file protein18.txt (compact mmCIF, C-alpha atoms)
# COMPACT_ATOMS: atom_id res chain seq x y z
CA MET A 1 18.58 -15.75 -156.08
CA ALA A 2 18.50 -18.43 -153.42
CA GLY A 3 15.37 -18.72 -151.34
CA PRO A 4 15.43 -18.78 -147.51
CA THR A 5 15.55 -22.60 -147.45
CA ASP A 6 17.79 -23.07 -150.49
CA THR A 7 20.90 -24.93 -149.35
CA ARG A 8 24.29 -24.01 -150.72
CA ASP A 9 27.35 -26.00 -151.70
CA PRO A 10 30.74 -25.21 -150.03
CA SER A 11 31.54 -22.58 -152.66
CA GLY A 12 28.28 -20.73 -151.99
CA TRP A 13 26.24 -21.78 -155.00
CA PRO A 14 22.57 -22.38 -154.11
CA ALA A 15 21.22 -25.84 -154.81
CA SER A 16 18.66 -24.35 -157.18
CA ALA A 17 21.47 -23.11 -159.44
CA LEU A 18 22.89 -26.63 -159.73
CA ARG A 19 19.69 -28.34 -160.84
CA LEU A 20 19.63 -29.35 -164.48
CA ALA A 21 16.67 -28.85 -166.78
CA SER A 22 14.61 -32.03 -167.06
CA ALA A 23 15.42 -32.26 -170.78
CA LEU A 24 19.11 -32.42 -169.88
CA GLN A 25 18.87 -34.61 -166.77
CA GLU A 26 17.79 -37.67 -168.73
CA ARG A 27 20.82 -37.35 -171.00
CA THR A 28 23.40 -36.58 -168.31
CA ARG A 29 25.75 -38.74 -166.30
CA PHE A 30 28.06 -37.62 -163.50
CA THR A 31 31.38 -39.35 -163.06
CA THR A 32 34.99 -38.89 -162.00
CA LEU A 33 37.70 -39.12 -164.65
CA ALA A 34 41.47 -39.35 -164.80
CA GLY A 35 41.96 -40.17 -161.15
CA GLY A 36 39.86 -37.42 -159.60
CA VAL A 37 38.39 -34.95 -162.10
CA PRO A 38 34.63 -34.48 -161.51
CA ALA A 39 32.79 -34.46 -164.83
CA LEU A 40 29.32 -33.89 -166.22
CA LEU A 41 28.73 -35.92 -169.38
CA ALA A 42 25.80 -35.07 -171.63
CA HIS A 43 24.98 -37.10 -174.72
CA PRO A 44 22.17 -36.85 -177.28
CA ASP A 45 21.09 -40.50 -176.92
CA TRP A 46 23.82 -42.61 -175.24
CA ARG A 47 23.60 -45.06 -178.12
CA SER A 48 25.60 -43.61 -181.00
CA ARG A 49 29.07 -42.16 -181.48
CA ARG A 50 28.85 -38.35 -181.38
CA PRO A 51 31.22 -35.39 -181.64
CA LEU A 52 32.37 -34.13 -178.25
CA VAL A 53 33.13 -30.75 -176.70
CA LEU A 54 35.37 -30.57 -173.63
CA TRP A 55 34.22 -27.41 -171.81
CA MET A 56 35.83 -25.67 -168.84
CA HIS A 57 34.21 -23.03 -166.63
CA GLY A 58 35.75 -19.89 -165.15
CA ARG A 59 37.30 -19.26 -161.75
CA THR A 60 34.82 -19.42 -158.82
CA SER A 61 32.25 -21.26 -160.94
CA ARG A 62 31.51 -24.97 -161.39
CA LYS A 63 30.50 -27.35 -164.18
CA GLU A 64 26.73 -27.39 -163.54
CA ILE A 65 26.25 -23.63 -163.82
CA ASP A 66 26.38 -23.65 -167.64
CA SER A 67 23.83 -26.42 -168.15
CA GLY A 68 21.90 -24.43 -170.77
CA ARG A 69 24.97 -24.64 -172.98
CA TYR A 70 25.08 -28.42 -172.70
CA LEU A 71 21.40 -28.72 -173.53
CA ARG A 72 22.00 -26.74 -176.72
CA TYR A 73 24.86 -29.10 -177.55
CA VAL A 74 22.83 -32.28 -177.24
CA ARG A 75 19.94 -30.79 -179.21
CA ALA A 76 22.46 -30.08 -181.97
CA GLY A 77 23.74 -33.67 -181.91
CA ILE A 78 26.90 -32.92 -179.91
CA ALA A 79 28.02 -34.53 -176.66
CA ALA A 80 29.57 -32.52 -173.83
CA CYS A 81 32.11 -33.19 -171.11
CA ALA A 82 32.19 -30.36 -168.57
CA ILE A 83 34.77 -30.69 -165.83
CA ASP A 84 35.28 -28.95 -162.50
CA LEU A 85 38.53 -27.01 -162.60
CA PRO A 86 41.03 -27.85 -159.83
CA GLY A 87 39.76 -26.62 -156.49
CA HIS A 88 36.25 -26.00 -157.83
CA GLY A 89 32.86 -27.66 -157.71
CA ASP A 90 32.99 -31.16 -156.30
CA ARG A 91 36.65 -30.72 -155.38
CA TYR A 92 36.24 -27.31 -153.79
CA ASP A 93 39.29 -25.67 -152.22
CA ALA A 94 38.87 -22.09 -151.01
CA SER A 95 42.45 -21.18 -151.91
CA CYS A 96 41.77 -21.90 -155.59
CA GLN A 97 38.95 -19.36 -155.65
CA GLN A 98 41.36 -16.49 -154.98
CA PRO A 99 43.38 -14.66 -157.66
CA GLU A 100 46.59 -15.82 -155.97
CA GLY A 101 45.73 -19.43 -156.83
CA THR A 102 45.01 -18.89 -160.51
CA LEU A 103 48.38 -19.87 -161.99
CA GLY A 104 48.58 -23.17 -160.14
CA MET A 105 45.00 -23.95 -161.11
CA LEU A 106 45.67 -23.23 -164.81
CA GLU A 107 48.77 -25.42 -164.91
CA ARG A 108 47.11 -28.30 -163.11
CA ALA A 109 44.03 -28.13 -165.34
CA ARG A 110 46.13 -28.18 -168.50
CA GLY A 111 47.79 -31.35 -167.29
CA GLU A 112 44.41 -33.01 -166.74
CA VAL A 113 43.01 -32.54 -170.25
CA ASP A 114 44.74 -35.50 -171.87
CA GLY A 115 43.85 -37.91 -169.07
CA VAL A 116 40.19 -36.88 -169.25
CA LEU A 117 40.07 -37.41 -173.01
CA ALA A 118 41.89 -40.74 -172.84
CA GLU A 119 39.38 -42.07 -170.35
CA LEU A 120 36.40 -40.81 -172.33
CA LEU A 121 37.63 -42.40 -175.53
CA GLY A 122 38.91 -45.63 -174.08
CA GLY A 123 37.08 -46.22 -170.80
CA GLU A 124 33.57 -47.31 -169.94
CA HIS A 125 32.12 -44.70 -172.30
CA ALA A 126 34.22 -45.81 -175.28
CA GLY A 127 32.15 -45.80 -178.44
CA MET A 128 30.01 -42.88 -177.36
CA PHE A 129 32.42 -40.12 -178.42
CA ASP A 130 34.03 -39.65 -181.84
CA ALA A 131 37.80 -39.26 -181.48
CA ASP A 132 37.94 -37.55 -184.88
CA ARG A 133 35.40 -34.88 -183.98
CA LEU A 134 36.64 -33.26 -180.79
CA ALA A 135 36.48 -29.63 -179.69
CA ILE A 136 37.86 -27.83 -176.66
CA GLY A 137 36.72 -24.60 -175.10
CA GLY A 138 36.10 -22.60 -172.02
CA MET A 139 35.07 -19.36 -170.43
CA SER A 140 37.55 -17.00 -168.72
CA ALA A 141 40.05 -19.21 -166.82
CA GLY A 142 38.72 -22.26 -168.65
CA GLY A 143 39.44 -20.54 -171.94
CA MET A 144 43.01 -19.85 -170.84
CA VAL A 145 43.47 -23.56 -170.16
CA ALA A 146 42.06 -24.42 -173.58
CA LEU A 147 44.28 -21.96 -175.45
CA ARG A 148 47.39 -23.11 -173.60
CA ARG A 149 46.62 -26.77 -174.32
CA LEU A 150 46.35 -25.97 -178.03
CA CYS A 151 50.00 -24.86 -178.00
CA GLU A 152 51.06 -28.52 -177.84
CA PRO A 153 50.22 -31.52 -180.07
CA HIS A 154 46.55 -32.47 -179.77
CA ARG A 155 43.64 -34.06 -181.63
CA PHE A 156 41.05 -31.27 -181.44
CA ARG A 157 39.33 -30.22 -184.66
CA CYS A 158 38.22 -26.77 -183.45
CA ALA A 159 38.00 -24.60 -180.34
CA ALA A 160 35.75 -21.92 -178.87
CA VAL A 161 36.51 -19.53 -176.01
CA GLU A 162 34.67 -16.69 -174.30
CA ALA A 163 35.70 -13.72 -172.13
CA THR A 164 39.28 -14.92 -171.91
CA THR A 165 42.75 -14.10 -173.18
CA GLY A 166 45.63 -15.97 -174.71
CA CYS A 167 48.13 -13.35 -173.57
CA LEU A 168 48.53 -13.54 -169.81
CA GLU A 169 51.52 -11.22 -170.01
CA THR A 170 49.28 -8.26 -170.84
CA LEU A 171 46.61 -9.44 -168.39
CA TYR A 172 48.94 -9.54 -165.40
CA PHE A 173 51.51 -6.93 -166.51
CA PRO A 174 49.59 -4.34 -168.57
CA PRO A 175 51.37 -1.53 -170.40
CA GLU A 176 52.17 1.62 -168.47
CA ASP A 177 49.35 3.55 -170.13
CA GLN A 178 46.70 1.04 -169.01
CA PRO A 179 45.36 0.74 -165.48
CA ARG A 180 46.27 -2.40 -163.58
CA ARG A 181 43.09 -4.42 -163.13
CA TRP A 182 44.36 -7.72 -161.76
CA PRO A 183 44.54 -7.66 -157.94
CA THR A 184 47.55 -9.95 -157.60
CA LEU A 185 51.11 -9.49 -158.82
CA HIS A 186 52.29 -12.87 -160.13
CA ASP A 187 55.82 -14.08 -160.78
CA ARG A 188 56.67 -13.53 -164.45
CA ASP A 189 58.36 -16.91 -164.88
CA ARG A 190 55.28 -18.71 -163.54
CA VAL A 191 53.04 -16.67 -165.82
CA ARG A 192 55.14 -17.63 -168.83
CA VAL A 193 54.60 -21.34 -168.14
CA VAL A 194 50.83 -21.04 -168.54
CA ASP A 195 50.75 -18.17 -171.06
CA PRO A 196 49.54 -19.31 -174.52
CA ARG A 197 51.23 -16.33 -176.21
CA ALA A 198 54.61 -17.46 -174.86
CA HIS A 199 54.14 -20.85 -176.53
CA LEU A 200 52.47 -19.72 -179.74
CA GLY A 201 55.02 -21.53 -181.92
CA GLY A 202 53.38 -24.83 -181.08
CA PHE A 203 49.83 -23.67 -181.87
CA GLU A 204 48.73 -25.64 -184.94
CA PRO A 205 46.14 -23.67 -186.95
CA LEU A 206 42.55 -24.80 -186.46
CA PRO A 207 39.16 -23.05 -186.54
CA LEU A 208 38.82 -20.91 -183.42
CA LEU A 209 35.88 -18.82 -182.25
CA ALA A 210 36.61 -16.16 -179.62
CA MET A 211 33.93 -13.89 -178.16
CA HIS A 212 34.43 -10.91 -175.88
CA SER A 213 32.91 -7.70 -174.58
CA GLU A 214 35.04 -4.65 -175.28
CA ALA A 215 34.04 -3.37 -171.82
CA ASP A 216 35.05 -6.52 -169.93
CA ALA A 217 36.11 -5.41 -166.44
CA ILE A 218 37.84 -8.70 -165.54
CA VAL A 219 39.75 -9.77 -168.65
CA PRO A 220 40.55 -6.65 -170.67
CA PHE A 221 39.47 -6.74 -174.30
CA GLU A 222 42.84 -5.31 -175.40
CA SER A 223 44.64 -8.39 -174.09
CA GLN A 224 42.57 -10.81 -176.15
CA ALA A 225 42.50 -8.53 -179.20
CA GLY A 226 46.29 -8.47 -179.20
CA PHE A 227 46.44 -12.24 -178.91
CA VAL A 228 44.03 -12.65 -181.82
CA ARG A 229 46.21 -10.41 -183.99
CA ASP A 230 49.29 -12.42 -183.09
CA LEU A 231 47.49 -15.70 -183.65
CA ARG A 232 46.29 -14.66 -187.10
CA THR A 233 49.84 -13.64 -188.02
CA HIS A 234 51.03 -17.02 -186.77
CA TYR A 235 48.42 -18.79 -188.92
CA GLU A 236 49.55 -16.92 -192.02
CA ALA A 237 53.18 -17.85 -191.29
CA ARG A 238 52.00 -21.47 -191.27
CA SER A 239 50.26 -20.97 -194.64
CA ALA A 240 46.84 -21.09 -192.99
CA ALA A 241 44.05 -18.56 -193.47
CA ALA A 242 43.86 -15.87 -190.80
CA SER A 243 40.07 -16.07 -191.22
CA LEU A 244 40.12 -19.40 -189.37
CA VAL A 245 40.20 -17.23 -186.25
CA GLU A 246 36.76 -15.68 -185.76
CA PHE A 247 36.70 -12.85 -183.25
CA VAL A 248 33.21 -11.71 -182.26
CA HIS A 249 32.96 -8.77 -179.89
CA TRP A 250 30.52 -6.10 -178.76
CA SER A 251 31.16 -2.59 -177.45
CA GLU A 252 29.13 -3.42 -174.34
CA THR A 253 26.55 -6.04 -173.40
CA GLY A 254 25.01 -5.12 -170.04
CA ALA A 255 26.29 -8.34 -168.47
CA ASP A 256 27.65 -8.47 -164.92
CA SER A 257 31.11 -6.84 -165.05
CA GLU A 258 30.73 -7.22 -168.83
CA HIS A 259 32.27 -10.62 -168.19
CA MET A 260 29.62 -13.09 -167.00
CA GLY A 261 27.78 -13.96 -170.19
CA PHE A 262 26.95 -11.49 -172.91
CA GLY A 263 23.86 -9.74 -171.56
CA ARG A 264 21.58 -8.48 -174.29
CA HIS A 265 23.76 -10.23 -176.86
CA ALA A 266 23.55 -13.59 -175.11
CA HIS A 267 21.14 -15.12 -177.62
CA GLU A 268 23.33 -14.12 -180.55
CA ALA A 269 26.42 -15.46 -178.78
CA LYS A 270 24.73 -18.79 -178.06
CA LEU A 271 23.61 -19.20 -181.66
CA ARG A 272 27.03 -18.38 -183.10
CA HIS A 273 28.73 -20.69 -180.64
CA VAL A 274 26.59 -23.71 -181.48
CA GLU A 275 26.56 -23.00 -185.22
CA PHE A 276 30.36 -22.82 -185.17
CA LEU A 277 30.63 -26.20 -183.45
CA VAL A 278 28.00 -27.86 -185.64
CA GLY A 279 29.78 -26.69 -188.77
CA HIS A 280 33.27 -27.74 -187.79
CA LEU A 281 32.31 -30.99 -186.07
CA ASP A 282 29.97 -32.12 -188.86
CA ALA A 283 27.23 -32.50 -186.30
CA ALA A 284 24.21 -31.28 -188.27
CA SER A 285 23.21 -34.78 -189.37
CA GLY A 286 22.72 -35.84 -185.77
CA ALA A 287 20.74 -32.81 -184.61
CA GLU A 288 17.23 -33.04 -183.27
CA ALA A 289 14.37 -31.93 -185.46

call {"tool": "encode", "arguments": {"input": "protein18.txt", "output": "structure tokens"}}
result
Amino acid sequence: MAGPTDTRDPSGWPASALRLASALQERTRFTTLAGGVPALLAHPDWRSRRPLVLWMHGRTSRKEIDSGRYLRYVRAGIAACAIDLPGHGDRYDASCQQPEGTLGMLERARGEVDGVLAELLGGEHAGMFDADRLAIGGMSAGGMVALRRLCEPHRFRCAAVEATTGCLETLYFPPEDQPRRWPTLHDRDRVRVVDPRAHLGGFEPLPLLAMHSEADAIVPFESQAGFVRDLRTHYEARSAAASLVEFVHWSETGADSEHMGFGRHAHEAKLRHVEFLVGHLDAASGAEA
């Protein structure tokens, strides 16, 4: 909680929440990529080529809030690029914080991924990130962006998402026997543009870790569970193992709205997340002792 003299950024986050741990500060650089995307770059040593995770936060959050995740990455020998989603963080726009602005934000963010990667791999930081060991991931809205981007040709080796869904159809237009939880009624054609499930034919099989609370009050578990079933069927049709899709979920976690982190299961979730990335990005050799 912010103290009485703790200043806040335009989106309301207290300055204390944006401060990085000292162990991460010395390995972090802030920059702007692809013509205007604010980014936090964290690297184990800024001397050697390392695997890289492109991570995207959820709606109403910002890139600095998940700094503990990035510290775990660098300690495991993995670099991180965390970006502010459109209208968030250092490019704050109040309209993008509202449910009505979600679709436009998702589409714009998807279009920014390739430019961000191109600049990381070929710009002033070229040589610091391994183009053959890339991962993409995100939480909530950031996870939706990641899953949609994977429906088109890419160079990612694996992906990890949390508290999100790859089926926006069931998120925004739930079946008759399920209560409507989303506060805004979106246009179906616009939803289809950003819905990973609607573009599943282009999803090339790769290792994917998805984690969710079955009691999630923001992104219903049923929506993601259905997407995972469809994705595994898609993998098998492509002669790939359905087991490449790991779906970790808990009946309830005690987290805020069962959506913001994984409460009493947070430590387990963090370990599984990093172990998944280390294994699929061959990062163990670069980890700290």

call {"tool": "residues_around", "arguments": {"input": "protein18.txt", "residues": "A:Leu200", "least_positions_apart": "3", "cutoff": "10 Å", "atoms": "all atoms listed in the file", "output": "PyMOL selection string"}}
result
chain A and resi 147-148+150-152+166-167+195-197+203-204+227+230-231+234

call {"tool": "closest_residue", "arguments": {"input": "protein18.txt", "among": "A:His280, A:His186, A:His273, A:Arg69", "to": "A:Phe156", "atoms": "only C-alpha atoms"}}
result
A:His280

call {"tool": "closest_residue", "arguments": {"input": "protein18.txt", "among": "A:Asp189, A:Glu252, A:Glu236, A:Glu124", "to": "A:Ser213", "atoms": "all atoms listed in the file"}}
result
A:Glu252

call {"tool": "axis_aligned_box", "arguments": {"input": "protein18.txt", "around": "stretch 135-139 of chain A", "padding_each_side": "5 Å", "output": "lines of an AutoDock Vina configuration file"}}
result
center_x = 36.5
center_y = -24.5
center_z = -175.1
size_x = 12.8
size_y = 20.3
size_z = 19.3

call {"tool": "atom_distance", "arguments": {"input": "protein18.txt", "atom1": "atom CA of A:Leu54", "atom2": "atom CA of A:Ala135"}}
result
6.2 Å

call {"tool": "residues_around", "arguments": {"input": "protein18.txt", "residues": "A:Pro99", "least_positions_apart": "6", "cutoff": "10 Å", "atoms": "all atoms listed in the file", "output": "number ranges by chain"}}
result
A: 59-60, 182-186

call {"tool": "decode", "arguments": {"input": "protein18.txt", "residues": "stretch 90-103 of chain A", "atoms": "all heavy atoms", "output": "PDB file, in the first residue's frame"}}
result
ATOM      1  N   ASP A  90       4.262   3.721 -19.469  1.00  0.00           N
ATOM      2  CA  ASP A  90       4.850   4.973 -19.921  1.00  0.00           C
ATOM      3  C   ASP A  90       4.147   5.578 -21.122  1.00  0.00           C
ATOM      4  O   ASP A  90       4.520   6.662 -21.579  1.00  0.00           O
ATOM      5  CB  ASP A  90       6.335   4.749 -20.251  1.00  0.00           C
ATOM      6  CG  ASP A  90       7.150   4.464 -19.000  1.00  0.00           C
ATOM      7  OD1 ASP A  90       6.732   4.897 -17.910  1.00  0.00           O
ATOM      8  OD2 ASP A  90       8.202   3.806 -19.105  1.00  0.00           O
ATOM      9  N   ARG A  91       3.145   4.903 -21.645  1.00  0.00           N
ATOM     10  CA  ARG A  91       2.310   5.506 -22.703  1.00  0.00           C
ATOM     11  C   ARG A  91       0.839   5.436 -22.287  1.00  0.00           C
ATOM     12  O   ARG A  91      -0.039   5.055 -23.054  1.00  0.00           O
ATOM     13  CB  ARG A  91       2.565   4.835 -24.051  1.00  0.00           C
ATOM     14  CG  ARG A  91       2.509   3.298 -24.045  1.00  0.00           C
ATOM     15  CD  ARG A  91       2.680   2.779 -25.453  1.00  0.00           C
ATOM     16  NE  ARG A  91       2.833   1.328 -25.494  1.00  0.00           N
ATOM     17  CZ  ARG A  91       2.790   0.623 -26.624  1.00  0.00           C
ATOM     18  NH1 ARG A  91       2.591   1.225 -27.780  1.00  0.00           N
ATOM     19  NH2 ARG A  91       2.963  -0.689 -26.607  1.00  0.00           N
ATOM     20  N   TYR A  92       0.616   5.822 -21.057  1.00  0.00           N
ATOM     21  CA  TYR A  92      -0.708   5.712 -20.439  1.00  0.00           C
ATOM     22  C   TYR A  92      -1.779   6.477 -21.206  1.00  0.00           C
ATOM     23  O   TYR A  92      -1.608   7.622 -21.601  1.00  0.00           O
ATOM     24  CB  TYR A  92      -0.646   6.235 -19.006  1.00  0.00           C
ATOM     25  CG  TYR A  92      -1.968   6.212 -18.291  1.00  0.00           C
ATOM     26  CD1 TYR A  92      -2.472   5.036 -17.767  1.00  0.00           C
ATOM     27  CD2 TYR A  92      -2.705   7.388 -18.138  1.00  0.00           C
ATOM     28  CE1 TYR A  92      -3.697   5.018 -17.098  1.00  0.00           C
ATOM     29  CE2 TYR A  92      -3.921   7.371 -17.469  1.00  0.00           C
ATOM     30  CZ  TYR A  92      -4.412   6.187 -16.959  1.00  0.00           C
ATOM     31  OH  TYR A  92      -5.618   6.184 -16.310  1.00  0.00           O
ATOM     32  N   ASP A  93      -2.913   5.815 -21.410  1.00  0.00           N
ATOM     33  CA  ASP A  93      -4.106   6.411 -22.005  1.00  0.00           C
ATOM     34  C   ASP A  93      -5.286   5.833 -21.236  1.00  0.00           C
ATOM     35  O   ASP A  93      -5.500   4.615 -21.236  1.00  0.00           O
ATOM     36  CB  ASP A  93      -4.198   6.041 -23.493  1.00  0.00           C
ATOM     37  CG  ASP A  93      -5.426   6.621 -24.181  1.00  0.00           C
ATOM     38  OD1 ASP A  93      -6.397   6.995 -23.484  1.00  0.00           O
ATOM     39  OD2 ASP A  93      -5.436   6.678 -25.416  1.00  0.00           O
ATOM     40  N   ALA A  94      -6.036   6.687 -20.564  1.00  0.00           N
ATOM     41  CA  ALA A  94      -7.120   6.213 -19.702  1.00  0.00           C
ATOM     42  C   ALA A  94      -8.125   5.347 -20.450  1.00  0.00           C
ATOM     43  O   ALA A  94      -8.684   4.396 -19.884  1.00  0.00           O
ATOM     44  CB  ALA A  94      -7.823   7.409 -19.062  1.00  0.00           C
ATOM     45  N   SER A  95      -8.360   5.636 -21.726  1.00  0.00           N
ATOM     46  CA  SER A  95      -9.362   4.875 -22.474  1.00  0.00           C
ATOM     47  C   SER A  95      -8.956   3.417 -22.644  1.00  0.00           C
ATOM     48  O   SER A  95      -9.813   2.532 -22.774  1.00  0.00           O
ATOM     49  CB  SER A  95      -9.598   5.513 -23.845  1.00  0.00           C
ATOM     50  OG  SER A  95      -8.447   5.409 -24.663  1.00  0.00           O
ATOM     51  N   CYS A  96      -7.660   3.148 -22.654  1.00  0.00           N
ATOM     52  CA  CYS A  96      -7.179   1.773 -22.831  1.00  0.00           C
ATOM     53  C   CYS A  96      -7.288   0.947 -21.553  1.00  0.00           C
ATOM     54  O   CYS A  96      -7.091  -0.275 -21.583  1.00  0.00           O
ATOM     55  CB  CYS A  96      -5.735   1.781 -23.320  1.00  0.00           C
ATOM     56  SG  CYS A  96      -5.521   2.428 -24.993  1.00  0.00           S
ATOM     57  N   GLN A  97      -7.570   1.612 -20.435  1.00  0.00           N
ATOM     58  CA  GLN A  97      -7.721   0.883 -19.176  1.00  0.00           C
ATOM     59  C   GLN A  97      -9.113   0.285 -19.033  1.00  0.00           C
ATOM     60  O   GLN A  97      -9.338  -0.590 -18.197  1.00  0.00           O
ATOM     61  CB  GLN A  97      -7.468   1.818 -17.987  1.00  0.00           C
ATOM     62  CG  GLN A  97      -6.263   2.710 -18.113  1.00  0.00           C
ATOM     63  CD  GLN A  97      -4.961   1.941 -18.177  1.00  0.00           C
ATOM     64  OE1 GLN A  97      -4.687   1.115 -17.308  1.00  0.00           O
ATOM     65  NE2 GLN A  97      -4.159   2.208 -19.180  1.00  0.00           N
ATOM     66  N   GLN A  98     -10.051   0.743 -19.855  1.00  0.00           N
ATOM     67  CA  GLN A  98     -11.440   0.322 -19.734  1.00  0.00           C
ATOM     68  C   GLN A  98     -11.711  -0.914 -20.595  1.00  0.00           C
ATOM     69  O   GLN A  98     -11.073  -1.119 -21.631  1.00  0.00           O
ATOM     70  CB  GLN A  98     -12.369   1.456 -20.162  1.00  0.00           C
ATOM     71  CG  GLN A  98     -12.155   2.745 -19.386  1.00  0.00           C
ATOM     72  CD  GLN A  98     -12.275   2.541 -17.887  1.00  0.00           C
ATOM     73  OE1 GLN A  98     -13.194   1.860 -17.423  1.00  0.00           O
ATOM     74  NE2 GLN A  98     -11.360   3.131 -17.123  1.00  0.00           N
ATOM     75  N   PRO A  99     -12.677  -1.743 -20.210  1.00  0.00           N
ATOM     76  CA  PRO A  99     -13.002  -2.932 -21.002  1.00  0.00           C
ATOM     77  C   PRO A  99     -13.344  -2.623 -22.450  1.00  0.00           C
ATOM     78  O   PRO A  99     -13.060  -3.415 -23.347  1.00  0.00           O
ATOM     79  CB  PRO A  99     -14.213  -3.515 -20.254  1.00  0.00           C
ATOM     80  CG  PRO A  99     -14.044  -3.057 -18.849  1.00  0.00           C
ATOM     81  CD  PRO A  99     -13.456  -1.672 -18.958  1.00  0.00           C
ATOM     82  N   GLU A 100     -13.931  -1.440 -22.678  1.00  0.00           N
ATOM     83  CA  GLU A 100     -14.305  -1.072 -24.055  1.00  0.00           C
ATOM     84  C   GLU A 100     -13.092  -0.946 -24.969  1.00  0.00           C
ATOM     85  O   GLU A 100     -13.213  -1.079 -26.191  1.00  0.00           O
ATOM     86  CB  GLU A 100     -15.074   0.254 -24.057  1.00  0.00           C
ATOM     87  CG  GLU A 100     -16.429   0.200 -23.364  1.00  0.00           C
ATOM     88  CD  GLU A 100     -16.327   0.363 -21.853  1.00  0.00           C
ATOM     89  OE1 GLU A 100     -15.193   0.481 -21.330  1.00  0.00           O
ATOM     90  OE2 GLU A 100     -17.390   0.360 -21.199  1.00  0.00           O
ATOM     91  N   GLY A 101     -11.921  -0.664 -24.393  1.00  0.00           N
ATOM     92  CA  GLY A 101     -10.731  -0.470 -25.218  1.00  0.00           C
ATOM     93  C   GLY A 101      -9.890  -1.703 -25.419  1.00  0.00           C
ATOM     94  O   GLY A 101      -8.850  -1.645 -26.076  1.00  0.00           O
ATOM     95  N   THR A 102     -10.351  -2.845 -24.896  1.00  0.00           N
ATOM     96  CA  THR A 102      -9.516  -4.046 -24.920  1.00  0.00           C
ATOM     97  C   THR A 102      -9.206  -4.539 -26.323  1.00  0.00           C
ATOM     98  O   THR A 102      -8.053  -4.859 -26.637  1.00  0.00           O
ATOM     99  CB  THR A 102     -10.199  -5.177 -24.117  1.00  0.00           C
ATOM    100  OG1 THR A 102     -10.412  -4.753 -22.774  1.00  0.00           O
ATOM    101  CG2 THR A 102      -9.315  -6.421 -24.114  1.00  0.00           C
ATOM    102  N   LEU A 103     -10.199  -4.625 -27.197  1.00  0.00           N
ATOM    103  CA  LEU A 103      -9.960  -5.197 -28.521  1.00  0.00           C
ATOM    104  C   LEU A 103      -8.937  -4.403 -29.313  1.00  0.00           C
ATOM    105  O   LEU A 103      -8.034  -4.969 -29.932  1.00  0.00           O
ATOM    106  CB  LEU A 103     -11.275  -5.297 -29.305  1.00  0.00           C
ATOM    107  CG  LEU A 103     -12.349  -6.221 -28.727  1.00  0.00           C
ATOM    108  CD1 LEU A 103     -13.523  -6.308 -29.685  1.00  0.00           C
ATOM    109  CD2 LEU A 103     -11.791  -7.606 -28.440  1.00  0.00           C
TER     110      LEU A 103
END
